[in-house]
file target14.csv (CSV, C-alpha atoms and all ligand atoms)
chain,number,residue,atom,x,y,z
I,1,MET,CA,39.8,116.0,-69.8
I,2,ILE,CA,39.3,119.8,-69.5
I,3,ARG,CA,41.3,121.2,-66.6
I,4,TYR,CA,41.2,125.0,-67.1
I,5,HIS,CA,38.0,127.0,-67.4
I,6,PRO,CA,37.1,130.7,-67.7
I,7,SER,CA,36.7,132.5,-64.4
I,8,LEU,CA,33.2,133.1,-63.0
I,9,GLU,CA,33.6,136.7,-63.9
I,10,ILE,CA,34.3,135.9,-67.6
I,11,LEU,CA,31.4,133.4,-67.7
I,12,GLU,CA,29.1,136.0,-66.2
I,13,ALA,CA,30.1,138.6,-68.8
I,14,TYR,CA,29.7,136.0,-71.6
I,15,ALA,CA,26.2,135.0,-70.3
I,16,ARG,CA,25.0,138.6,-70.3
I,17,GLY,CA,26.5,139.3,-73.7
I,18,ALA,CA,29.0,141.8,-72.4
I,19,LEU,CA,32.2,140.4,-74.1
I,20,ASN,CA,33.4,141.7,-77.4
I,21,ALA,CA,32.7,139.4,-80.3
I,22,GLY,CA,36.2,137.9,-80.5
I,23,SER,CA,36.4,137.2,-76.8
I,24,ALA,CA,32.9,135.8,-76.8
I,25,LEU,CA,33.9,133.4,-79.6
I,26,VAL,CA,36.8,132.1,-77.7
I,27,VAL,CA,34.6,131.5,-74.6
I,28,ALA,CA,31.9,129.9,-76.8
I,29,CYS,CA,34.4,127.4,-78.2
I,30,HIS,CA,35.3,126.4,-74.7
I,31,VAL,CA,31.7,126.3,-73.5
I,32,HIS,CA,30.7,124.2,-76.5
I,33,GLY,CA,32.9,121.4,-75.3
I,34,CYS,CA,32.6,121.9,-71.5
I,35,ALA,CA,29.4,120.6,-69.8
I,36,VAL,CA,30.5,122.3,-66.5
I,37,CYS,CA,30.7,125.8,-68.0
I,38,ARG,CA,27.6,125.2,-70.2
I,39,SER,CA,25.4,124.6,-67.2
I,40,GLU,CA,27.2,127.4,-65.2
I,41,ALA,CA,26.5,129.8,-68.1
I,42,ALA,CA,22.9,128.7,-68.2
I,43,ILE,CA,22.5,129.4,-64.5
I,44,LEU,CA,24.2,132.8,-64.9
I,45,GLU,CA,22.0,133.7,-67.9
I,46,ASP,CA,18.9,132.7,-65.9
I,47,ALA,CA,20.0,134.8,-63.0
I,48,GLY,CA,20.0,137.8,-65.3
I,49,GLY,CA,23.8,138.0,-65.2
I,50,ALA,CA,23.9,138.6,-61.4
I,51,PHE,CA,26.6,136.9,-59.5
I,52,LEU,CA,25.3,134.1,-57.4
I,53,GLN,CA,26.0,134.8,-53.8
I,54,ASP,CA,24.3,131.7,-52.5
I,55,THR,CA,26.1,128.4,-52.4
I,56,THR,CA,23.0,126.4,-52.5
I,57,PRO,CA,22.4,124.8,-55.9
I,58,ALA,CA,20.4,127.1,-58.1
I,59,ALA,CA,17.4,125.8,-60.1
I,60,VAL,CA,17.7,126.4,-63.8
I,61,SER,CA,14.6,127.1,-65.8
I,62,GLY,CA,13.7,124.5,-68.4
I,63,ASP,CA,14.9,126.5,-71.4
I,64,ALA,CA,18.1,128.1,-70.0
I,65,LEU,CA,20.4,125.3,-71.2
I,66,GLU,CA,18.6,125.3,-74.5
I,67,ARG,CA,19.2,129.0,-74.9
I,68,ILE,CA,22.9,128.5,-74.2
I,69,PHE,CA,23.1,125.7,-76.8
I,70,THR,CA,21.2,127.8,-79.3
I,71,ARG,CA,23.7,130.6,-78.8
I,72,ILE,CA,26.9,128.6,-79.1
I,73,ASP,CA,25.6,126.3,-81.9
I,74,ASP,CA,23.8,129.1,-83.8
I,75,VAL,CA,23.8,128.2,-87.5
I,76,PRO,CA,23.6,131.1,-89.9
I,77,PRO,CA,21.3,131.2,-92.9
I,78,PRO,CA,22.7,129.4,-96.0
I,79,SER,CA,23.7,132.7,-97.6
I,80,ALA,CA,25.8,133.5,-94.7
I,81,ARG,CA,27.5,130.1,-94.3
I,82,VAL,CA,31.2,130.1,-94.9
I,83,LYS,CA,33.5,127.3,-96.0
I,84,ALA,CA,36.4,126.5,-93.7
I,85,PRO,CA,39.7,126.8,-95.5
I,86,GLY,CA,41.4,123.5,-96.5
I,87,PHE,CA,44.1,123.8,-94.0
I,88,LEU,CA,41.5,123.4,-91.2
I,89,GLU,CA,39.9,120.3,-92.6
I,90,ARG,CA,42.0,117.8,-90.6
I,91,PHE,CA,41.0,119.5,-87.3
I,92,SER,CA,37.7,119.1,-85.6
I,93,VAL,CA,36.7,122.7,-85.4
I,94,PRO,CA,33.9,123.5,-82.8
I,95,ALA,CA,30.6,124.8,-84.2
I,96,PRO,CA,30.9,128.4,-83.0
I,97,LEU,CA,34.1,128.8,-85.0
I,98,ARG,CA,32.7,127.0,-88.1
I,99,ARG,CA,30.4,129.9,-88.8
I,100,GLN,CA,33.3,132.5,-88.9
I,101,ARG,CA,35.3,133.4,-91.9
I,102,VAL,CA,38.9,132.4,-91.5
I,103,GLY,CA,41.5,134.3,-93.6
I,104,PHE,CA,44.8,133.1,-95.2
I,105,ARG,CA,47.3,131.5,-92.9
I,106,ARG,CA,50.7,133.1,-92.6
I,107,TRP,CA,53.7,131.0,-91.7
I,108,VAL,CA,56.1,132.9,-89.5
I,109,THR,CA,58.5,130.0,-89.1
I,110,PRO,CA,58.5,126.6,-90.8
I,111,ASN,CA,56.6,125.3,-87.8
I,112,ILE,CA,54.2,128.1,-86.8
I,113,TRP,CA,51.4,129.8,-88.6
I,114,PHE,CA,48.7,132.4,-87.8
I,115,ALA,CA,45.4,132.9,-89.5
I,116,PRO,CA,42.9,135.7,-88.8
I,117,VAL,CA,39.3,135.0,-87.9
I,118,HIS,CA,37.0,137.7,-89.3
I,119,VAL,CA,34.5,137.7,-86.4
I,120,ARG,CA,31.1,139.1,-87.1
I,121,PRO,CA,30.1,141.7,-86.0
I,122,LYS,CA,33.5,143.4,-86.2
I,123,PRO,CA,35.4,142.6,-83.0
I,124,GLU,CA,37.2,145.1,-80.8
I,125,ALA,CA,39.9,142.5,-80.3
I,126,LEU,CA,42.3,140.7,-82.6
I,127,THR,CA,41.0,137.2,-83.1
I,128,TYR,CA,43.1,134.5,-84.8
I,129,LEU,CA,44.2,130.9,-84.9
I,130,VAL,CA,47.7,129.9,-84.1
I,131,TYR,CA,49.3,126.6,-85.0
I,132,ALA,CA,52.6,125.2,-83.8
I,133,GLY,CA,54.1,121.9,-84.9
I,134,LYS,CA,55.8,119.3,-82.6
I,135,ASN,CA,58.8,120.4,-80.6
I,136,THR,CA,58.2,124.1,-81.2
I,137,THR,CA,58.5,127.0,-78.7
I,138,LEU,CA,56.8,130.3,-79.4
I,139,ALA,CA,59.0,133.4,-79.0
I,140,ARG,CA,59.0,134.7,-75.4
I,141,HIS,CA,56.4,137.4,-75.1
I,142,THR,CA,54.0,139.4,-72.8
I,143,HIS,CA,50.7,141.0,-73.6
I,144,ARG,CA,49.1,144.4,-74.0
I,145,GLY,CA,45.8,144.0,-72.3
I,146,GLN,CA,43.8,140.8,-72.0
I,147,GLU,CA,44.2,137.6,-74.0
I,148,PHE,CA,41.8,134.6,-74.1
I,149,THR,CA,42.9,131.2,-75.5
I,150,SER,CA,40.9,128.1,-76.2
I,151,VAL,CA,42.9,125.0,-77.1
I,152,LEU,CA,41.2,123.4,-80.2
I,153,TYR,CA,43.7,120.6,-80.8
I,154,GLY,CA,46.8,119.1,-79.2
I,155,ARG,CA,48.5,120.6,-76.2
I,156,PHE,CA,51.1,123.2,-75.1
I,157,SER,CA,52.7,124.1,-71.8
I,158,ASP,CA,54.1,127.3,-70.2
I,159,GLU,CA,55.1,128.5,-66.8
I,160,SER,CA,51.5,128.3,-65.6
I,161,GLY,CA,50.8,124.7,-66.6
I,162,ALA,CA,50.0,122.2,-69.3
I,163,PHE,CA,47.0,122.9,-71.5
I,164,GLY,CA,45.1,120.3,-73.6
I,165,PRO,CA,42.1,120.1,-75.8
I,166,GLY,CA,39.2,122.2,-74.6
I,167,ASP,CA,41.3,124.1,-72.0
I,168,PHE,CA,40.8,127.8,-71.6
I,169,ALA,CA,43.6,130.2,-70.7
I,170,GLN,CA,43.5,133.9,-69.7
I,171,THR,CA,46.6,136.1,-69.7
I,172,ASP,CA,47.4,139.8,-69.5
I,173,GLU,CA,50.4,142.1,-69.2
I,174,SER,CA,51.4,140.5,-65.9
I,175,VAL,CA,52.2,137.3,-67.7
I,176,GLU,CA,55.5,136.7,-69.6
I,177,HIS,CA,55.8,133.3,-71.2
I,178,ALA,CA,57.1,131.2,-74.0
I,179,PRO,CA,54.4,128.5,-74.8
I,180,ALA,CA,56.0,125.2,-75.9
I,181,VAL,CA,54.6,122.3,-77.9
I,182,MET,CA,56.3,119.0,-77.0
I,183,SER,CA,57.1,116.0,-79.1
I,184,ASP,CA,53.8,114.2,-78.4
I,185,SER,CA,51.4,116.6,-80.2
I,186,GLU,CA,51.1,119.6,-82.5
I,187,CYS,CA,48.8,122.3,-81.3
I,188,LEU,CA,46.0,124.6,-82.6
I,189,CYS,CA,44.6,127.4,-80.5
I,190,LEU,CA,42.0,130.1,-81.0
I,191,ILE,CA,43.0,133.4,-79.5
I,192,SER,CA,41.4,136.8,-78.8
I,193,ALA,CA,43.7,139.6,-77.7
I,194,ASP,CA,43.2,143.3,-77.0
I,195,ALA,CA,46.4,144.0,-79.0
I,196,PRO,CA,49.3,142.2,-80.7
I,197,MET,CA,51.5,140.3,-78.3
I,198,GLN,CA,54.7,142.1,-77.2
I,199,LEU,CA,57.6,139.9,-78.2
I,200,LEU,CA,60.7,140.0,-76.1
I,201,GLY,CA,64.1,139.7,-77.8
I,202,LEU,CA,65.3,141.5,-80.9
I,203,PRO,CA,65.1,138.7,-83.5
I,204,ALA,CA,61.5,137.9,-82.7
I,205,ARG,CA,60.6,141.6,-82.8
I,206,ILE,CA,62.2,141.9,-86.3
I,207,ILE,CA,60.1,139.0,-87.6
I,208,GLN,CA,57.0,140.6,-86.0
I,209,THR,CA,57.7,143.9,-87.8
I,210,MET,CA,58.4,142.1,-91.1
I,211,THR,CA,55.1,140.3,-90.9
I,212,GLY,CA,53.2,143.5,-90.3
I,213,SER,CA,52.8,143.2,-86.5
I,214,LEU,CA,49.4,141.6,-87.0
I,215,TYR,CA,49.7,139.3,-84.0
B,301,ZN,ZN,34.7,124.9,-68.6

call {"tool": "encode", "arguments": {"input": "target14.csv", "output": "structure tokens", "more": "lines below"}}
Ligand SMILES: [Zn+2]
result
Amino acid sequence: MIRYHPSLEILEAYARGALNAGSALVVACHVHGCAVCRSEAAILEDAGGAFLQDTTPAAVSGDALERIFTRIDDVPPPSARVKAPGFLERFSVPAPLRRQRVGFRRWVTPNIWFAPVHVRPKPEALTYLVYAGKNTTLARHTHRGQEFTSVLYGRFSDESGAFGPGDFAQTDESVEHAPAVMSDSECLCLISADAPMQLLGLPARIIQTMTGSLY
């Protein structure tokens, strides 16, 4: 069951197309699997992006939901279709991600890899997949700017809670954490960040420098 959703402010920005392409992709992957946010986004889009001040249920025009579905399930023409890399085949990747080109994965430890997502049009944010195996804790870090996460597979936990399939997380420079994957499941997430994470601790920073500070 999905427990964590984008804020109304994020959904409103998504509905009026104000998010950068990477952030919009992460929100779209959540919205694709979340009926609550899908109808919320449809209402917001119908309202022209205005915040709804009224608490009474708003009527949604007949095609609002359809427009949201079209946006998140948009299928590119055959020439633009891309083949997902083999390492993603065992995961059920949501439709909005399937039409993006995923680059080579880079293992940073025996249990953790990152892979860039080449979002079209060119995003203003870094967009990437991160995978962590069972019993793995990511290096403690904070953020430079805003970071959106959609859990695509498995679960992780940090100081703010436990996140499972479909959950959405938003962090920024005020959050310092070390996401951990427990013994019951590996985890795959899609992330969009304004800048590479800021690792805390010298060993982790050395690894980050050696791997090109891409993430
Ligand atoms: Zn939701």

call {"tool": "residues_near_ligand", "arguments": {"input": "target14.csv", "ligand": "ligand ZN 301 (chain B)", "cutoff": "6 Å", "atoms": "only C-alpha atoms and all ligand atoms", "output": "list in words"}}
result
His5, Val31, Cys34, Val36 and Cys37 of chain I

call {"tool": "write_last_selection", "arguments": {"input": "target14.csv", "atoms": "C-alpha atoms", "output": "compact mmCIF listing (two decimals), keeping the file's coordinate frame"}}
result
# COMPACT_ATOMS: atom_id res chain seq x y z
CA HIS I 5 38.00 127.00 -67.40
CA VAL I 31 31.70 126.30 -73.50
CA CYS I 34 32.60 121.90 -71.50
CA VAL I 36 30.50 122.30 -66.50
CA CYS I 37 30.70 125.80 -68.00

call {"tool": "atom_distance", "arguments": {"input": "target14.csv", "atom1": "atom CA of I:Leu138", "atom2": "atom CA of I:Gln100"}}
result
25.4 Å

call {"tool": "residues_around", "arguments": {"input": "target14.csv", "residues": "I:Asn135", "least_positions_apart": "2", "cutoff": "8 Å", "atoms": "only C-alpha atoms", "output": "VMD selection string"}}
result
chain I and resid 133 137 180 to 183 186

call {"tool": "closest_residue", "arguments": {"input": "target14.csv", "among": "I:Val151, I:Glu45, I:Ala169, I:Ile191", "to": "I:Phe114", "atoms": "all atoms listed in the file"}}
result
I:Ile191

call {"tool": "atom_distance", "arguments": {"input": "target14.csv", "atom1": "atom CA of I:Thr127", "atom2": "atom CA of I:Leu199"}}
result
17.5 Å

call {"tool": "decode", "arguments": {"input": "target14.csv", "residues": "stretch 144-205 of chain I", "atoms": "C-alpha atoms", "output": "tab-separated table (two decimals), in the first residue's frame"}}
result
chain	number	residue	atom	x	y	z
I	144	ARG	CA	22.20	20.31	-2.22
I	145	GLY	CA	18.77	21.54	-3.17
I	146	GLN	CA	15.68	19.45	-3.69
I	147	GLU	CA	15.52	15.70	-4.26
I	148	PHE	CA	12.50	13.61	-5.30
I	149	THR	CA	12.43	9.81	-4.94
I	150	SER	CA	9.95	7.22	-6.19
I	151	VAL	CA	10.36	3.67	-4.90
I	152	LEU	CA	10.05	1.34	-7.88
I	153	TYR	CA	10.80	-1.95	-6.15
I	154	GLY	CA	11.39	-3.17	-2.61
I	155	ARG	CA	11.72	-0.98	0.42
I	156	PHE	CA	14.11	1.16	2.43
I	157	SER	CA	13.95	3.08	5.66
I	158	ASP	CA	15.57	6.16	7.11
I	159	GLU	CA	15.00	8.52	10.03
I	160	SER	CA	11.73	9.75	8.49
I	161	GLY	CA	10.07	6.37	8.00
I	162	ALA	CA	9.83	3.15	6.00
I	163	PHE	CA	9.22	3.49	2.27
I	164	GLY	CA	7.81	0.75	0.02
I	165	PRO	CA	6.76	0.23	-3.60
I	166	GLY	CA	5.10	3.33	-5.07
I	167	ASP	CA	6.02	5.60	-2.19
I	168	PHE	CA	7.26	9.12	-2.91
I	169	ALA	CA	9.85	10.96	-0.82
I	170	GLN	CA	10.99	14.56	-0.93
I	171	THR	CA	14.19	15.72	0.78
I	172	ASP	CA	16.39	18.81	0.73
I	173	GLU	CA	19.44	20.27	2.49
I	174	SER	CA	17.63	20.16	5.83
I	175	VAL	CA	17.62	16.35	5.76
I	176	GLU	CA	20.64	14.27	6.74
I	177	HIS	CA	20.12	10.53	6.47
I	178	ALA	CA	21.54	7.10	5.73
I	179	PRO	CA	18.83	5.11	3.90
I	180	ALA	CA	18.99	1.43	4.79
I	181	VAL	CA	17.72	-1.66	2.99
I	182	MET	CA	16.82	-4.47	5.38
I	183	SER	CA	17.10	-8.22	4.99
I	184	ASP	CA	13.56	-8.68	3.63
I	185	SER	CA	14.01	-6.92	0.28
I	186	GLU	CA	16.45	-5.30	-2.11
I	187	CYS	CA	15.44	-1.84	-3.36
I	188	LEU	CA	15.30	0.12	-6.63
I	189	CYS	CA	14.49	3.83	-6.66
I	190	LEU	CA	14.20	6.58	-9.26
I	191	ILE	CA	15.67	9.88	-8.10
I	192	SER	CA	15.76	13.42	-9.41
I	193	ALA	CA	18.09	15.83	-7.62
I	194	ASP	CA	19.17	19.43	-8.14
I	195	ALA	CA	22.80	18.40	-7.53
I	196	PRO	CA	24.86	15.37	-6.44
I	197	MET	CA	24.25	14.31	-2.85
I	198	GLN	CA	26.70	15.63	-0.27
I	199	LEU	CA	28.29	12.62	1.39
I	200	LEU	CA	29.35	12.90	5.00
I	201	GLY	CA	32.52	11.12	6.08
I	202	LEU	CA	35.89	10.97	4.34
I	203	PRO	CA	35.79	7.37	2.93
I	204	ALA	CA	32.47	7.98	1.21
I	205	ARG	CA	33.66	11.32	-0.19
